[in-house]
Structure formats: structure tokens, C-alpha cells
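Colleague: Structure: start_37.txt, compact mmCIF, C-alpha atoms.
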```txt
# COMPACT_ATOMS: atom_id res chain seq x y z
CA MET A 206 -9.80 37.79 53.64
CA ARG A 207 -12.28 35.96 51.42
CA PRO A 208 -12.12 36.73 47.69
CA PRO A 209 -15.18 38.46 46.23
CA ARG A 210 -17.80 36.05 44.94
CA THR A 211 -17.64 37.51 41.42
CA VAL A 212 -13.90 36.87 41.22
CA VAL A 213 -14.34 33.24 42.29
CA ALA A 214 -17.17 32.80 39.79
CA ALA A 215 -15.15 34.44 37.02
CA THR A 216 -12.12 32.26 37.78
CA LEU A 217 -14.20 29.11 37.61
CA ALA A 218 -15.88 30.37 34.46
CA ALA A 219 -12.53 30.91 32.76
CA LEU A 220 -11.53 27.34 33.44
CA LEU A 221 -14.70 25.84 31.98
CA PRO A 222 -15.89 26.07 28.38
CA ALA A 223 -18.43 28.75 27.57
CA PRO A 224 -21.52 26.51 27.10
CA ALA A 225 -21.18 25.45 30.71
CA LEU A 226 -21.60 29.08 31.76
CA ALA A 227 -25.11 29.35 30.50
CA GLN A 228 -26.72 27.02 32.99
CA PRO A 229 -29.87 28.64 34.37
CA PRO A 230 -31.02 28.43 37.96
CA ALA A 231 -34.57 27.36 37.04
CA PRO A 232 -35.93 24.43 39.05
CA ASP A 233 -36.73 21.57 36.69
CA GLU A 234 -36.83 17.84 37.27
CA ASP A 235 -35.27 17.21 33.86
CA LEU A 236 -32.60 19.87 34.17
CA GLU A 237 -30.08 17.71 36.00
CA ALA A 238 -30.52 14.96 33.45
CA LEU A 239 -30.08 17.48 30.65
CA ARG A 240 -26.94 18.86 32.26
CA ALA A 241 -25.56 15.34 32.59
CA VAL A 242 -26.24 14.64 28.91
CA VAL A 243 -24.62 17.90 27.79
CA HIS A 244 -21.64 17.34 30.08
CA ALA A 245 -21.16 13.80 28.79
CA ARG A 246 -21.38 15.04 25.19
CA GLN A 247 -18.81 17.79 25.75
CA VAL A 248 -16.44 15.40 27.53
CA ALA A 249 -16.81 12.91 24.67
CA GLU A 250 -16.01 15.66 22.12
CA ALA A 251 -12.97 16.75 24.10
CA MET A 252 -11.73 13.20 24.51
CA ALA A 253 -12.21 12.46 20.80
CA GLN A 254 -9.71 15.23 20.13
CA ARG A 255 -7.28 14.21 22.84
CA ARG A 256 -7.39 10.43 22.85
CA ARG A 257 -5.04 9.97 19.91
CA TRP A 258 -1.40 10.62 19.23
CA ARG A 259 -0.98 14.20 18.11
CA LEU A 260 2.10 15.82 16.72
CA SER A 261 2.61 19.53 17.15
CA LEU A 262 5.36 21.92 16.18
CA GLY A 263 6.30 24.80 18.40
CA LEU A 264 8.11 28.09 18.21
CA GLY A 265 9.11 30.11 21.21
CA VAL A 266 11.47 32.44 22.92
CA ALA A 267 13.50 31.41 25.94
CA ALA A 268 15.31 33.37 28.61
CA ASN A 269 18.34 31.42 29.76
CA THR A 270 20.13 31.92 33.04
CA PRO A 271 23.94 31.83 33.17
CA PHE A 272 25.22 28.34 33.83
CA GLU A 273 28.68 27.20 34.91
CA VAL A 274 30.00 23.69 35.45
CA ILE A 275 33.41 22.22 36.26
CA GLN A 276 34.30 19.03 34.44
CA PRO A 277 37.48 16.98 35.00
CA GLU A 278 39.08 18.36 31.79
CA ARG A 279 37.60 21.85 31.64
CA GLN A 280 35.57 24.58 33.23
CA VAL A 281 32.58 25.58 31.12
CA ARG A 282 30.41 28.66 31.30
CA PHE A 283 27.28 29.49 29.30
CA ASP A 284 26.07 33.07 29.32
CA GLY A 285 22.50 34.02 30.08
CA GLY A 286 20.31 35.66 27.48
CA PHE A 287 17.52 35.08 25.02
CA SER A 288 17.31 32.34 22.40
CA GLY A 289 14.80 31.01 19.88
CA VAL A 290 13.19 27.64 20.55
CA PHE A 291 11.97 25.07 18.03
CA SER A 292 10.15 22.00 19.31
CA ALA A 293 8.36 18.87 18.16
CA ASN A 294 5.80 17.54 20.59
CA VAL A 295 3.76 14.36 20.77
CA THR A 296 0.78 14.19 23.13
CA ARG A 297 -1.96 11.72 23.91
CA GLY A 298 -4.77 11.87 26.45
CA PHE A 299 -5.09 8.64 28.36
CA THR A 300 -7.72 9.60 30.92
CA GLU A 301 -10.24 12.43 31.10
CA LEU A 302 -7.79 14.62 33.00
CA PHE A 303 -4.31 13.42 32.04
CA ASP A 304 -2.25 13.61 28.86
CA LEU A 305 1.16 12.09 28.23
CA TYR A 306 3.67 14.11 26.26
CA ALA A 307 7.14 13.85 24.80
CA ARG A 308 9.07 16.79 23.45
CA LEU A 309 12.24 17.27 21.46
CA GLU A 310 13.49 20.82 21.61
CA VAL A 311 16.37 22.85 20.23
CA SER A 312 17.22 26.29 21.54
CA LEU A 313 19.58 28.55 19.58
CA PRO A 314 21.86 30.41 19.95
CA LEU A 315 23.62 30.21 23.29
CA GLN A 316 26.97 31.75 24.02
CA GLY A 317 29.51 29.70 25.88
CA THR A 318 33.17 29.48 26.71
CA SER A 319 35.47 26.94 28.23
CA ILE A 320 38.97 26.77 29.65
CA PRO A 321 40.96 23.54 29.91
CA THR A 322 41.86 22.51 33.44
CA SER A 323 45.54 22.31 32.44
CA ILE A 324 45.65 26.03 31.54
CA ARG A 325 43.71 27.03 34.62
CA ASP A 326 46.03 25.04 36.90
CA ALA A 327 49.16 26.37 35.20
CA VAL A 328 47.96 29.95 35.68
CA ALA A 329 46.94 29.27 39.27
CA GLU A 330 50.50 28.22 40.12
CA GLN A 331 51.93 31.59 39.04
CA PRO A 332 52.18 34.23 41.77
CA CYS A 333 49.68 37.06 41.57
CA ALA A 334 49.23 39.81 44.17
CA GLY A 335 45.75 40.69 43.02
CA SER A 336 43.07 38.95 41.01
CA ARG A 337 43.45 36.80 37.91
CA ARG A 338 41.44 38.02 34.94
CA PHE A 339 40.59 35.42 32.28
CA GLU A 340 39.87 36.55 28.75
CA LEU A 341 38.54 33.58 26.85
CA PRO A 342 37.10 33.21 23.36
CA LEU A 343 33.32 33.16 23.38
CA GLY A 344 31.67 30.63 21.06
CA LEU A 345 28.17 29.99 19.77
CA GLY A 346 26.24 26.91 20.71
CA GLY A 347 22.82 25.65 21.60
CA LEU A 348 20.68 23.57 23.86
CA GLY A 349 18.99 20.29 22.94
CA THR A 350 16.35 18.81 25.22
CA LEU A 351 14.39 15.59 25.40
CA GLU A 352 11.45 15.70 27.76
CA LEU A 353 8.74 13.32 28.97
CA GLY A 354 5.86 14.30 31.18
CA LEU A 355 2.23 14.51 32.17
CA ARG A 356 -0.31 17.22 31.64
CA VAL A 357 -3.39 17.64 33.77
CA ARG A 358 -6.51 19.57 32.74
CA ALA A 359 -7.55 22.40 35.02
CA LEU A 360 -10.60 21.16 36.99
CA ASP A 361 -12.44 19.47 34.14
CA ALA A 362 -11.82 17.23 31.12
CA ARG A 363 -13.35 19.90 28.85
CA SER A 364 -10.99 22.62 29.98
CA ARG A 365 -8.60 24.16 27.51
CA PHE A 366 -6.18 25.08 30.26
CA PHE A 367 -3.59 22.58 31.38
CA VAL A 368 -0.64 22.29 33.72
CA GLY A 369 2.26 19.97 32.92
CA LEU A 370 5.16 18.49 34.78
CA GLY A 371 7.99 16.67 33.04
CA VAL A 372 11.46 15.23 33.34
CA ARG A 373 14.04 16.56 30.90
CA VAL A 374 17.52 15.68 29.80
CA ALA A 375 19.36 18.64 28.33
CA ALA A 376 22.64 18.92 26.47
CA ARG A 377 24.33 22.29 25.97
CA TRP A 378 27.16 22.72 23.57
CA ALA A 379 29.36 25.52 22.27
CA GLU A 380 32.17 25.91 19.75
CA ALA A 381 34.76 28.32 21.11
CA SER A 382 38.05 29.02 19.39
CA GLY A 383 40.52 31.89 19.40
CA ALA A 384 43.05 33.65 21.56
CA TRP A 385 43.01 33.45 25.33
CA SER A 386 44.94 35.36 27.92
CA VAL A 387 45.13 35.61 31.67
CA HIS A 388 46.30 38.77 33.43
CA CYS A 389 47.07 39.45 37.04
CA GLU A 390 45.39 42.68 38.06
CA ALA A 391 47.06 44.20 41.11
CA LEU A 392 45.34 46.48 43.56
CA ASP A 393 47.26 49.50 42.21
CA GLY A 394 45.72 48.90 38.76
CA SER A 395 48.80 47.38 37.07
CA ARG A 396 48.35 44.30 34.86
CA ALA A 397 50.83 41.51 34.30
CA LEU A 398 50.40 38.80 31.70
CA LEU A 399 50.33 35.34 33.26
CA GLY A 400 49.74 33.38 30.09
CA ALA A 401 48.33 33.55 26.58
CA GLY A 402 47.74 31.30 23.62
CA GLU A 403 45.18 29.84 21.25
CA LEU A 404 42.52 27.31 22.10
CA ARG A 405 39.75 25.44 20.41
CA GLU A 406 37.12 24.00 22.69
CA SER A 407 33.88 22.13 22.00
CA PRO A 408 32.36 21.50 25.41
CA VAL A 409 29.16 19.52 25.87
CA VAL A 410 27.37 19.65 29.19
CA THR A 411 24.46 17.36 30.03
CA ASP A 412 21.94 18.18 32.70
CA LEU A 413 19.02 16.33 34.27
CA GLY A 414 16.11 18.55 35.13
CA ALA A 415 12.39 19.09 35.35
CA SER A 416 9.92 21.22 33.52
CA LEU A 417 6.79 22.95 34.72
CA GLU A 418 4.38 24.37 32.16
CA THR A 419 0.96 25.86 31.76
CA GLY A 420 -0.90 26.48 28.55
CA TYR A 421 -4.14 27.13 26.73
CA GLN A 422 -5.41 25.26 23.68
CA PHE A 423 -7.61 26.91 21.11
CA GLY A 424 -8.89 26.73 17.56
CA ALA A 425 -10.61 23.95 15.68
CA SER A 426 -9.79 20.59 17.28
CA ARG A 427 -7.61 22.48 19.77
CA ALA A 428 -4.92 22.60 17.13
CA TRP A 429 -3.20 25.67 18.58
CA GLU A 430 -1.60 26.08 21.91
CA VAL A 431 0.08 28.94 23.72
CA GLY A 432 1.93 28.53 26.96
CA LEU A 433 4.63 29.25 29.45
CA ARG A 434 7.31 26.84 30.54
CA LEU A 435 9.88 26.91 33.31
CA SER A 436 12.80 24.48 33.16
CA LEU A 437 14.86 23.52 36.15
CA GLY A 438 18.23 21.82 36.12
CA GLY A 439 20.83 20.37 38.44
CA ILE A 440 18.73 17.51 39.80
CA ALA A 441 21.60 15.04 39.47
CA ASP A 442 23.94 17.37 41.39
CA GLY A 443 21.37 18.20 44.05
CA ASP A 444 21.66 21.87 43.09
CA ILE A 445 18.26 22.60 41.55
CA THR A 446 18.07 25.99 39.86
CA ALA A 447 16.00 27.66 37.15
CA ARG A 448 17.65 27.21 33.76
CA THR A 449 15.19 28.66 31.26
CA GLY A 450 11.84 30.35 31.11
CA GLN A 451 9.96 30.04 27.84
CA TRP A 452 6.97 31.53 26.04
CA TYR A 453 5.77 29.43 23.14
CA ILE A 454 3.09 28.83 20.58
CA ALA A 455 2.51 25.43 19.00
CA TRP A 456 0.42 24.13 16.14
CA SER A 457 -0.77 20.63 15.38
CA PRO A 458 -1.08 19.94 11.64
CA TRP A 459 -3.44 17.00 12.26
CA MET B 215 -16.46 58.70 43.42
CA VAL B 216 -13.16 58.21 41.59
CA PRO B 217 -12.09 55.21 43.71
CA VAL B 218 -15.50 53.61 43.06
CA VAL B 219 -15.13 54.11 39.30
CA ARG B 220 -11.59 52.75 39.42
CA ALA B 221 -12.69 49.71 41.43
CA ARG B 222 -15.50 49.04 38.96
CA SER B 223 -13.16 49.43 35.99
CA ALA B 224 -10.69 47.05 37.57
CA THR B 225 -13.46 44.53 38.23
CA TRP B 226 -14.64 44.75 34.64
CA LEU B 227 -11.09 44.38 33.34
CA LEU B 228 -10.59 41.34 35.58
CA LEU B 229 -13.88 39.81 34.44
CA VAL B 230 -13.05 40.34 30.76
CA ALA B 231 -9.58 38.91 31.30
CA LEU B 232 -10.90 35.86 33.09
CA LEU B 233 -14.08 35.22 31.15
CA GLY B 234 -12.46 35.67 27.79
CA CYS B 235 -14.37 36.94 24.80
CA VAL B 236 -17.58 35.75 23.22
CA ARG B 237 -19.13 36.41 19.84
CA TRP B 238 -22.62 35.97 18.49
CA GLU B 239 -22.54 33.58 15.55
CA PRO B 240 -25.49 33.74 13.11
CA LEU B 241 -27.64 30.65 13.09
CA THR B 242 -30.15 29.73 10.41
CA THR B 243 -33.68 29.07 11.59
CA ALA B 244 -33.55 25.75 9.73
CA SER B 245 -30.58 24.56 11.77
CA LEU B 246 -32.28 25.85 14.90
CA ARG B 247 -35.38 23.81 14.06
CA ALA B 248 -33.30 20.70 13.44
CA SER B 249 -31.16 21.09 16.54
CA GLY B 250 -33.38 19.09 18.93
CA THR B 251 -31.34 19.08 22.14
CA GLY B 252 -28.08 19.73 20.29
CA LEU B 253 -27.94 23.30 21.55
CA ALA B 254 -29.07 22.46 25.07
CA LEU B 255 -27.80 24.84 27.74
CA GLN B 256 -26.29 27.19 25.19
CA ARG B 257 -27.20 30.85 25.04
CA ILE B 258 -28.94 32.06 21.90
CA ARG B 259 -30.46 35.33 20.76
CA VAL B 260 -33.55 35.33 18.58
CA ALA B 261 -35.26 38.17 16.78
CA GLY B 262 -38.62 38.33 15.10
CA ASP B 263 -40.59 41.44 14.51
CA GLY B 264 -39.72 42.89 17.91
CA ALA B 265 -36.53 43.39 19.86
CA PRO B 266 -34.01 40.51 20.07
CA ARG B 267 -34.44 38.24 23.08
CA GLU B 268 -31.87 36.06 24.76
CA LEU B 269 -32.48 32.68 26.23
CA THR B 270 -30.70 29.57 27.35
CA VAL B 271 -31.82 26.66 25.24
CA ARG B 272 -33.45 23.61 26.65
CA GLY B 273 -34.44 22.13 23.34
CA VAL B 274 -36.62 22.45 20.26
CA ARG B 275 -39.86 20.53 20.23
CA ALA B 276 -42.54 20.70 17.56
CA GLY B 277 -41.25 23.98 16.15
CA VAL B 278 -41.07 25.64 19.54
CA LEU B 279 -37.83 26.72 21.13
CA GLU B 280 -37.93 26.08 24.87
CA GLY B 281 -35.55 27.53 27.37
CA TRP B 282 -34.98 30.02 30.11
CA THR B 283 -34.62 33.77 30.14
CA PRO B 284 -31.40 35.25 31.60
CA SER B 285 -33.29 35.75 34.86
CA GLY B 286 -34.11 32.02 34.97
CA ARG B 287 -37.79 32.08 34.03
CA PRO B 288 -39.05 29.45 31.55
CA ALA B 289 -39.47 30.85 28.04
CA ARG B 290 -40.90 29.60 24.76
CA GLU B 291 -40.37 30.98 21.28
CA ASP B 292 -42.42 29.92 18.31
CA LEU B 293 -39.82 29.39 15.59
CA SER B 294 -42.27 30.38 12.86
CA ALA B 295 -42.03 33.92 14.26
CA VAL B 296 -38.24 33.92 14.45
CA ARG B 297 -36.51 35.72 11.57
CA ARG B 298 -32.94 35.72 12.79
CA ALA B 299 -30.98 33.82 15.43
CA TRP B 300 -27.48 33.92 16.85
CA LEU B 301 -25.59 31.46 18.98
CA ARG B 302 -23.19 32.70 21.65
CA ARG B 303 -19.81 31.10 21.11
CA PRO B 304 -16.48 31.67 22.81
CA ASP B 305 -14.24 33.85 20.64
CA GLU B 306 -11.23 31.61 20.91
CA LEU B 307 -8.87 33.75 18.88
CA ARG B 308 -9.40 36.82 21.04
CA THR B 309 -9.30 34.76 24.20
CA ALA B 310 -6.05 33.15 23.06
CA ALA B 311 -4.59 36.55 22.19
CA LEU B 312 -5.53 37.79 25.65
CA ILE B 313 -3.98 34.77 27.35
CA ALA B 314 -0.88 34.93 25.15
CA GLY B 315 -0.50 38.56 26.17
CA VAL B 316 -0.80 37.73 29.85
CA TYR B 317 1.74 34.92 29.45
CA ALA B 318 4.06 37.27 27.54
CA VAL B 319 3.94 39.81 30.37
CA ILE B 320 4.68 37.11 32.96
CA PHE B 321 7.50 35.80 30.76
CA THR B 322 9.06 39.24 30.27
CA VAL B 323 8.95 40.14 33.95
CA SER B 324 10.25 36.72 35.03
CA ALA B 325 12.98 36.72 32.38
CA ALA B 326 14.17 40.14 33.44
CA ALA B 327 14.23 38.99 37.07
CA LEU B 328 16.02 35.72 36.22
CA ILE B 329 18.68 37.26 34.02
CA ILE B 330 19.29 40.40 36.03
CA ASP B 331 19.46 38.43 39.27
CA ARG B 332 22.15 36.08 37.89
CA ARG B 333 24.17 38.66 35.99
```
The structure given in the file should be rewritten as C-alpha cells.

Modeller:
Amino acid sequence: MRPPRTVVAATLAALLPAPALAQPPAPDEDLEALRAVVHARQVAEAMAQRRRWRLSLGLGVAANTPFEVIQPERQVRFDGGFSGVFSANVTRGFTELFDLYARLEVSLPLQGTSIPTSIRDAVAEQPCAGSRRFELPLGLGGLGTLELGLRVRALDARSRFFVGLGVRVAARWAEASGAWSVHCEALDGSRALLGAGELRESPVVTDLGASLETGYQFGASRAWEVGLRLSLGGIADGDITARTGQWYIAWSPW
Amino acid sequence: MVPVVRARSATWLLLVALLGCVRWEPLTTASLRASGTGLALQRIRVAGDGAPRELTVRGVRAGVLEGWTPSGRPAREDLSAVRRAWLRRPDELRTAALIAGVYAVIFTVSAAALIIDRR
């Protein structure tokens, strides 16, 4: 089924700046030349704003998916949930359509827990006619990300919409300390203590991933930006999954 | 009748969402005179003694504003008869608020799906 013509026209119109909408259908030998001049002027204005290094500061909210990893010394789990995101971004347009960007980002707080492999193995050796239930201290932590990527303008150099694709290295950490215990829960509902103690864990988990974003720039000199970002992880392990989704707003002071 | 009205309303909502918002920014006649081809292909509204008229600017030459009417016919306005003028500009703040809202809805729905699915 073909989309209605008005919807196609409206979609194209949204991706182009407003002055470009007002082009009349009148036949005129000079009209094409005039359009070319106006187009060139608008592209030059857009490029003057983009063809320089620009710093911007961002604030956002992220939805994190639960994330579990087994390291040689411990098993680490980060809970899913919402966190605040603070970012510093540097961008520079290097062609009419493409921008380079780098981003340093911190996301707080995340909740995580960890159990040393020695405890897990010791508990696993004890007999249990049921399931083992781990009660581990939950600690607060965060997520730090360094990201490099490319942004492409939607259809035209003058467009305020962009789509970006980047590579990111992320490090999650948590500080968990307190009492732990492991119970054996039998099918009849009885519980038997398999082990208990105190632990203090500071796990750090690194992750290689990718980021896909889309955004809209607005305001004088396109100083403001609002967007959506999806981060994927697990590239190094070959197990690519969504890690965070993010809504953000950023501002460039100059 | 009701489905027709609903379809029209939906079309208008979609158009507003996609086109964004525009505002009419007052323009002095002096700056209009001095614009040359600086406002070329932009939509302006001029008012003299009669009703305001809209046209797409081609340029200003010898005190005459040349352009096209919304229906595409050539039009000329003598600037000495123009009392007030407005330039149609994109209302970026409203457009951004609209887009931010759309992104926020997508984010909320996706976040709920992501978190609930993995819980």
C-alpha cells in the first residue's frame, strides 16, 4: 500500500528547514538559479555552525537492563532500572552530511551485587535437595562510558535531525558490603542454611558495545539538542544485547 | 461522518507533528526594503490599508517586493504601501518540545518493554 502523498510531503518537510518549504511552483527561468543560491547560502550557514569543535553538556535519564557476568574470581549482577546520565560531548562536522563525535558519560546510580567464586563453589559442594537461594548485599555503583562515532544528517546538510552510530567502551562498578547467606529451599518449603558470612566486594565490569542515536538540534546556532539513544553491549563476547535506552537533552555553551 | 472527522483530525495531528510549528515574526519595512534577495523563497505576510496578503519572496527591487502568491502566481507589492510585515519562521522551541515529547513517549514505552522483559 502506497503512503498518502500528504504524509510523504509532510515527512520530507519535517526533515528540511522551513524556508525550503516555501518554494512556489511558478515557472521562471531564474527560479532554479535563485533556489541554488538560497540552498548554497543555507548550507554555508549550517556548515559555519557545524564545522568547528563544539563542546556540549548533556543531562538525561536512562533505562538499564539487568546485566550479569561471570568473571574468574566472582559472579557479578547489576539490576535493571532507571538512572540519571551526565555527559560531555565534543562534535565537529567534517563534511556536509557527517559529524564526528566523542562522548564521556556517567550514569548514576546502578545497583549491583557480586559473589566470590570461592563462596559459590563451596556452597555448590554442599548437598541440597531443592534450590539454593543466595541472599547477597546489594551495593550502589555506576556506569562510565567513552564513546566515539559518526552522525549523519537526515537527507540534507541543513537538516536539524541526525542519526548517529558509535562504538563505546563501558565500565560498570558497584560497592557491595554486608552479610550474605545461602539457604537450601526444599520442595516441602523447609529452609536449611548452607553458609553465611560477611563480604565486601567492589566489582568492575568492562563491556565493548555500540550506540545508536537520533536527535534534533534547535535554538540559536543549534546550541540545544534533544535525542534518544540506544546502547548495545556484549560485542566482545558475541552476545549482543540492549544495555540502556536513554532520553537526553544537551546544551552547547559556545 | 464520524470516521471522516476522525481521519481528518488524525491527518491534521500528523501534519502538525511532522511539520512542526511556525510563528510570524514582525519585520520592519526598512529591513524588508534592504533585504534584496536575503529573504528569497521565504514566506512573508504584508499588510497595508487592506487585508494582509501572503507571498513567497523572490526579492526586493527598486522598492517593490516581488514574489509569488500561495497559489503560485507572480505578485508584486509596492513597499511604500506596506505598513506592517511579518516573516514566517519555524518556532523551534515548540517544535523541539513536540519532538522531545515524542522521544519521551518512545523512551517510556521502550524502557518499560526492556525492563519488564528482562525482569

Colleague: Taking into account only C-alpha atoms, which residue in the set A:Thr296, A:Ser312, A:Ser336, A:Thr411 is nearest to Leu355 of chain A?

Modeller: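 Among the listed residues, A:Thr296 lies closest to Leu355 of chain A.
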
Colleague: Atom CA of Gly354 of chain A and atom CA of Phe272 of chain A, how far apart in Å?

Modeller: 24.1 Å

Colleague: Please indicate the distance in Å from atom CA of Leu348 of chain A to atom CA of Glu310 of chain A, rounded to one decimal place.

Modeller: 8.0 Å

Colleague: Could you tell me how far atom CA of Ser386 of chain A sits from atom CA of Gln280 of chain A, in Å to one decimal place?

Modeller: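 These atoms are spaced 15.2 Å apart.
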
Colleague: Might you pull out every residue within 7 Å of Leu301 of chain B, with all atoms listed in the file counted and same-chain residues fewer than 5 positions away left off, and present them as a ChimeraX atom specification?

Modeller: /B:238-241,257-259

Colleague: What are the closest atom pairs, with distances in Å to one decimal, for each residue of chain B lying within 10 Å of segment 421-443 of chain A, using all atoms listed in the file, rows by chain and rising residue number, as a Markdown table?

Modeller:
```
| residue | atom | partner | partner_atom | distance |
| --- | --- | --- | --- | --- |
| B:Asp305 | CA | A:Gly424 | CA | 9.4 |
| B:Glu306 | CA | A:Phe423 | CA | 5.9 |
| B:Leu307 | CA | A:Gly424 | CA | 7.1 |
| B:Thr309 | CA | A:Phe423 | CA | 8.6 |
| B:Ala310 | CA | A:Phe423 | CA | 6.7 |
| B:Ala311 | CA | A:Val431 | CA | 9.1 |
| B:Ile313 | CA | A:Tyr421 | CA | 7.7 |
| B:Ala314 | CA | A:Val431 | CA | 6.2 |
| B:Gly315 | CA | A:Val431 | CA | 9.9 |
| B:Tyr317 | CA | A:Leu433 | CA | 6.4 |
| B:Ala318 | CA | A:Leu433 | CA | 8.3 |
| B:Ile320 | CA | A:Leu433 | CA | 8.6 |
| B:Phe321 | CA | A:Leu433 | CA | 7.3 |
| B:Ser324 | CA | A:Leu435 | CA | 10.0 |
```

Colleague: Taking 6 positions as the minimum chain separation for residues in the same chain, which residues sit within 7 Å of segment 291-294 of chain B when counting all atoms listed in the file? Answer as a PyMOL selection string.

Modeller: chain B and resi 277-280
